[in-house]
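Report on the following structure.
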Amino acid sequence: MDMDTERTEATRRTRGDYVGATADELRAKTGADRVSAGVSQKVLFQRRGTITLDGDRLVLGQWYGSTDLTLRRADITAVGTRFTKLYGRFLGGLLNAGKPLILDTTTVGQVYLLIDRKEFMETTRDREWERHITAWLAAEPGR
């Protein structure tokens with residue numbers, strides 16, 4: 001699903017599909033998992049669902065199976081796209097388009113996301129989402 005942006009008078013809603021994992025989950029992966037990830041990132045990122053930025057919250061749908069993870073502005077302490085020791089250029093592809101979106105949160109720790117990832121092209125919309133979330137964090141609530 002491509003990024004879907006709806007505008008209404010009261011809110012702006014941005015939506016996409018994600019695969020995700022916490023830093024702790026990535027840290028626990030084996031060498032064999034990392035080799036398998038060369039074929040499919042879903043080996044490393046076993047959480048999947050819909051991400052929605054809607055008004056006063058960022059929602060990772062189905063984060064806990066059938067339950068969503070809802071993050072408010074105060075729950076997110078940092079946002080960025082970058083390669084790390086847990087998810088490097090070898091796994092993300094040689095292009096900068098494969099860098100994961102990383103959220104530092106007060107609720108579940110560090111979260112790695114690949115949003116609207118095209119497996120064959122090794123591209124994501126993570127940099128676009130980084131801009132959306134950064135602007136949302138800086139915005140006054142209720143505006």
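Labels used: A, B, ... for chains in the order of the structure tokens, numbers from 1 for residues in each chain, and numbers from 1 for ligands as shown.
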Just the residues within 7 Å of stretch 17-30 of chain A, please, counting only C-alpha atoms, with nothing from its chain fewer than 6 positions along; format it as a PDB file with N, CA, C and O atoms, in the first residue's frame.
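Full text of part.pdb as output:
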```
ATOM      1  N   MET A   1       0.852  -1.171   0.000  1.00  0.00           N
ATOM      2  CA  MET A   1       0.000   0.000   0.000  1.00  0.00           C
ATOM      3  C   MET A   1       0.896   1.232   0.000  1.00  0.00           C
ATOM      4  O   MET A   1       1.812   1.353   0.782  1.00  0.00           O
ATOM      5  N   LEU A  44      13.776 -10.668  10.014  1.00  0.00           N
ATOM      6  CA  LEU A  44      14.210  -9.800  11.110  1.00  0.00           C
ATOM      7  C   LEU A  44      13.059  -9.004  11.710  1.00  0.00           C
ATOM      8  O   LEU A  44      13.023  -8.762  12.906  1.00  0.00           O
ATOM      9  N   PHE A  45      12.146  -8.581  10.850  1.00  0.00           N
ATOM     10  CA  PHE A  45      11.051  -7.701  11.261  1.00  0.00           C
ATOM     11  C   PHE A  45       9.765  -8.519  11.292  1.00  0.00           C
ATOM     12  O   PHE A  45       9.058  -8.601  10.295  1.00  0.00           O
ATOM     13  N   GLN A  46       9.475  -9.106  12.444  1.00  0.00           N
ATOM     14  CA  GLN A  46       8.337 -10.009  12.514  1.00  0.00           C
ATOM     15  C   GLN A  46       7.037  -9.321  12.925  1.00  0.00           C
ATOM     16  O   GLN A  46       5.989  -9.944  12.929  1.00  0.00           O
ATOM     17  N   ARG A  47       7.116  -8.060  13.263  1.00  0.00           N
ATOM     18  CA  ARG A  47       5.891  -7.307  13.551  1.00  0.00           C
ATOM     19  C   ARG A  47       5.487  -6.614  12.249  1.00  0.00           C
ATOM     20  O   ARG A  47       6.332  -6.069  11.543  1.00  0.00           O
ATOM     21  N   ARG A  48       4.204  -6.651  11.948  1.00  0.00           N
ATOM     22  CA  ARG A  48       3.742  -5.997  10.730  1.00  0.00           C
ATOM     23  C   ARG A  48       2.310  -5.526  10.903  1.00  0.00           C
ATOM     24  O   ARG A  48       1.542  -6.110  11.663  1.00  0.00           O
ATOM     25  N   GLY A  49       2.011  -4.442  10.201  1.00  0.00           N
ATOM     26  CA  GLY A  49       0.672  -3.888  10.280  1.00  0.00           C
ATOM     27  C   GLY A  49       0.614  -2.557   9.558  1.00  0.00           C
ATOM     28  O   GLY A  49       1.419  -2.275   8.676  1.00  0.00           O
ATOM     29  N   THR A  50      -0.321  -1.730   9.978  1.00  0.00           N
ATOM     30  CA  THR A  50      -0.525  -0.413   9.386  1.00  0.00           C
ATOM     31  C   THR A  50      -0.048   0.645  10.362  1.00  0.00           C
ATOM     32  O   THR A  50      -0.368   0.595  11.541  1.00  0.00           O
ATOM     33  N   ILE A  51       0.728   1.604   9.855  1.00  0.00           N
ATOM     34  CA  ILE A  51       1.155   2.745  10.666  1.00  0.00           C
ATOM     35  C   ILE A  51       0.284   3.927  10.274  1.00  0.00           C
ATOM     36  O   ILE A  51       0.044   4.167   9.087  1.00  0.00           O
ATOM     37  N   LEU A  86      22.828  -2.884  14.421  1.00  0.00           N
ATOM     38  CA  LEU A  86      21.744  -3.861  14.402  1.00  0.00           C
ATOM     39  C   LEU A  86      21.133  -4.045  13.019  1.00  0.00           C
ATOM     40  O   LEU A  86      20.589  -5.110  12.707  1.00  0.00           O
ATOM     41  N   GLN A 110      13.730   1.360  21.685  1.00  0.00           N
ATOM     42  CA  GLN A 110      14.005   1.746  20.305  1.00  0.00           C
ATOM     43  C   GLN A 110      13.252   0.824  19.341  1.00  0.00           C
ATOM     44  O   GLN A 110      13.298  -0.395  19.462  1.00  0.00           O
ATOM     45  N   VAL A 111      12.560   1.441  18.367  1.00  0.00           N
ATOM     46  CA  VAL A 111      11.754   0.719  17.394  1.00  0.00           C
ATOM     47  C   VAL A 111      12.337   0.968  15.999  1.00  0.00           C
ATOM     48  O   VAL A 111      12.568   2.115  15.618  1.00  0.00           O
ATOM     49  N   TYR A 112      12.584  -0.119  15.273  1.00  0.00           N
ATOM     50  CA  TYR A 112      13.048  -0.051  13.882  1.00  0.00           C
ATOM     51  C   TYR A 112      11.865  -0.369  12.978  1.00  0.00           C
ATOM     52  O   TYR A 112      11.171  -1.377  13.182  1.00  0.00           O
ATOM     53  N   LEU A 113      11.658   0.482  11.961  1.00  0.00           N
ATOM     54  CA  LEU A 113      10.536   0.288  11.041  1.00  0.00           C
ATOM     55  C   LEU A 113      10.998   0.391   9.589  1.00  0.00           C
ATOM     56  O   LEU A 113      11.864   1.223   9.263  1.00  0.00           O
ATOM     57  N   LEU A 114      10.404  -0.410   8.739  1.00  0.00           N
ATOM     58  CA  LEU A 114      10.519  -0.274   7.287  1.00  0.00           C
ATOM     59  C   LEU A 114       9.099  -0.034   6.807  1.00  0.00           C
ATOM     60  O   LEU A 114       8.221  -0.888   6.975  1.00  0.00           O
ATOM     61  N   ILE A 115       8.849   1.137   6.238  1.00  0.00           N
ATOM     62  CA  ILE A 115       7.488   1.531   5.876  1.00  0.00           C
ATOM     63  C   ILE A 115       7.334   1.508   4.360  1.00  0.00           C
ATOM     64  O   ILE A 115       8.139   2.085   3.632  1.00  0.00           O
ATOM     65  N   ASP A 116       6.265   0.846   3.918  1.00  0.00           N
ATOM     66  CA  ASP A 116       5.963   0.703   2.494  1.00  0.00           C
ATOM     67  C   ASP A 116       7.184   0.204   1.727  1.00  0.00           C
ATOM     68  O   ASP A 116       7.543   0.728   0.677  1.00  0.00           O
TER      69      ASP A 116
END
```
Among listed residues A:Gln41, A:Ser66, A:Thr14, A:Thr77, nearest A:Ala138 (using only C-alpha atoms):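 Between A:Gln41, A:Ser66, A:Thr14, A:Thr77, the residue approaching A:Ala138 most closely is A:Thr77.
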7 Å contact set for A:Ile76, only C-alpha atoms, chain neighbours under 6 positions out, as a PyMOL selection string: chain A and resi 103-106
All helix (DSSP H, G or I) residues (DSSP, backbone) inside stretch 52-112 of chain A, as a PyMOL selection string: chain A and resi 73-75+89-92+96-98
For the selection you just gave me, I'd like the residues written to a file as an mmCIF file, in the first residue's frame, keeping all heavy atoms.
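Once written, again.cif looks like this:
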```cif
data_model
loop_
_atom_site.group_PDB
_atom_site.id
_atom_site.type_symbol
_atom_site.label_atom_id
_atom_site.label_comp_id
_atom_site.auth_asym_id
_atom_site.auth_seq_id
_atom_site.Cartn_x
_atom_site.Cartn_y
_atom_site.Cartn_z
ATOM 1 N N ARG A 73 3.011 12.226 21.406
ATOM 2 C CA ARG A 73 4.230 13.015 21.197
ATOM 3 C C ARG A 73 5.235 12.811 22.325
ATOM 4 O O ARG A 73 6.417 12.635 22.087
ATOM 5 C CB ARG A 73 3.889 14.499 21.067
ATOM 6 C CG ARG A 73 3.288 14.881 19.742
ATOM 7 C CD ARG A 73 2.943 16.375 19.717
ATOM 8 N NE ARG A 73 2.442 16.776 18.424
ATOM 9 C CZ ARG A 73 1.155 16.767 18.086
ATOM 10 N NH1 ARG A 73 0.232 16.370 18.952
ATOM 11 N NH2 ARG A 73 0.787 17.156 16.886
ATOM 12 N N ALA A 74 4.758 12.823 23.554
ATOM 13 C CA ALA A 74 5.652 12.703 24.714
ATOM 14 C C ALA A 74 6.326 11.333 24.799
ATOM 15 O O ALA A 74 7.348 11.195 25.474
ATOM 16 C CB ALA A 74 4.871 12.976 25.999
ATOM 17 N N ASP A 75 5.787 10.336 24.107
ATOM 18 C CA ASP A 75 6.356 8.982 24.133
ATOM 19 C C ASP A 75 7.557 8.830 23.199
ATOM 20 O O ASP A 75 8.290 7.850 23.302
ATOM 21 C CB ASP A 75 5.306 7.943 23.725
ATOM 22 C CG ASP A 75 4.114 7.897 24.665
ATOM 23 O OD1 ASP A 75 4.294 8.169 25.867
ATOM 24 O OD2 ASP A 75 3.000 7.592 24.189
ATOM 25 N N ARG A 89 24.081 -1.478 6.312
ATOM 26 C CA ARG A 89 23.965 -1.319 4.864
ATOM 27 C C ARG A 89 23.856 -2.669 4.151
ATOM 28 O O ARG A 89 23.164 -2.806 3.152
ATOM 29 C CB ARG A 89 25.163 -0.524 4.342
ATOM 30 C CG ARG A 89 25.050 -0.141 2.905
ATOM 31 C CD ARG A 89 26.188 0.770 2.480
ATOM 32 N NE ARG A 89 26.152 2.075 3.109
ATOM 33 C CZ ARG A 89 25.379 3.085 2.714
ATOM 34 N NH1 ARG A 89 24.571 2.925 1.701
ATOM 35 N NH2 ARG A 89 25.427 4.244 3.333
ATOM 36 N N PHE A 90 24.529 -3.701 4.675
ATOM 37 C CA PHE A 90 24.455 -5.026 4.051
ATOM 38 C C PHE A 90 23.016 -5.532 4.026
ATOM 39 O O PHE A 90 22.555 -6.098 3.044
ATOM 40 C CB PHE A 90 25.362 -6.020 4.788
ATOM 41 C CG PHE A 90 25.225 -7.422 4.285
ATOM 42 C CD1 PHE A 90 25.786 -7.801 3.072
ATOM 43 C CD2 PHE A 90 24.520 -8.364 5.020
ATOM 44 C CE1 PHE A 90 25.644 -9.105 2.597
ATOM 45 C CE2 PHE A 90 24.384 -9.662 4.555
ATOM 46 C CZ PHE A 90 24.942 -10.032 3.343
ATOM 47 N N LEU A 91 22.289 -5.318 5.108
ATOM 48 C CA LEU A 91 20.900 -5.777 5.185
ATOM 49 C C LEU A 91 19.938 -4.811 4.506
ATOM 50 O O LEU A 91 18.968 -5.229 3.883
ATOM 51 C CB LEU A 91 20.477 -5.951 6.648
ATOM 52 C CG LEU A 91 21.161 -7.085 7.393
ATOM 53 C CD1 LEU A 91 20.800 -7.033 8.867
ATOM 54 C CD2 LEU A 91 20.780 -8.420 6.794
ATOM 55 N N GLY A 92 20.209 -3.523 4.633
ATOM 56 C CA GLY A 92 19.285 -2.514 4.134
ATOM 57 C C GLY A 92 19.452 -2.181 2.671
ATOM 58 O O GLY A 92 18.642 -1.469 2.095
ATOM 59 N N ASN A 96 20.731 4.601 0.097
ATOM 60 C CA ASN A 96 20.256 5.236 1.332
ATOM 61 C C ASN A 96 18.764 5.030 1.538
ATOM 62 O O ASN A 96 18.261 5.188 2.641
ATOM 63 C CB ASN A 96 20.582 6.728 1.315
ATOM 64 C CG ASN A 96 22.033 6.980 1.628
ATOM 65 O OD1 ASN A 96 22.713 6.145 2.209
ATOM 66 N ND2 ASN A 96 22.536 8.128 1.213
ATOM 67 N N ALA A 97 18.043 4.662 0.476
ATOM 68 C CA ALA A 97 16.603 4.451 0.578
ATOM 69 C C ALA A 97 16.257 3.271 1.478
ATOM 70 O O ALA A 97 15.120 3.110 1.885
ATOM 71 C CB ALA A 97 16.004 4.244 -0.808
ATOM 72 N N GLY A 98 17.232 2.434 1.829
ATOM 73 C CA GLY A 98 16.969 1.275 2.670
ATOM 74 C C GLY A 98 17.205 1.497 4.145
ATOM 75 O O GLY A 98 17.054 0.577 4.950
#
```
Closest of A:Lys42, A:Ala78, A:Val108, A:Arg117 to A:Tyr64 - atom-to-atom distances counting only C-alpha atoms: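 Checking each of A:Lys42, A:Ala78, A:Val108, A:Arg117 against A:Tyr64, counting only C-alpha atoms, the winner is A:Val108.
Nearest to A:Trp129 of all the residues A:Tyr87, A:Gln62, A:Ile102, A:Arg72 is A:Ile102, based on only C-alpha atoms.
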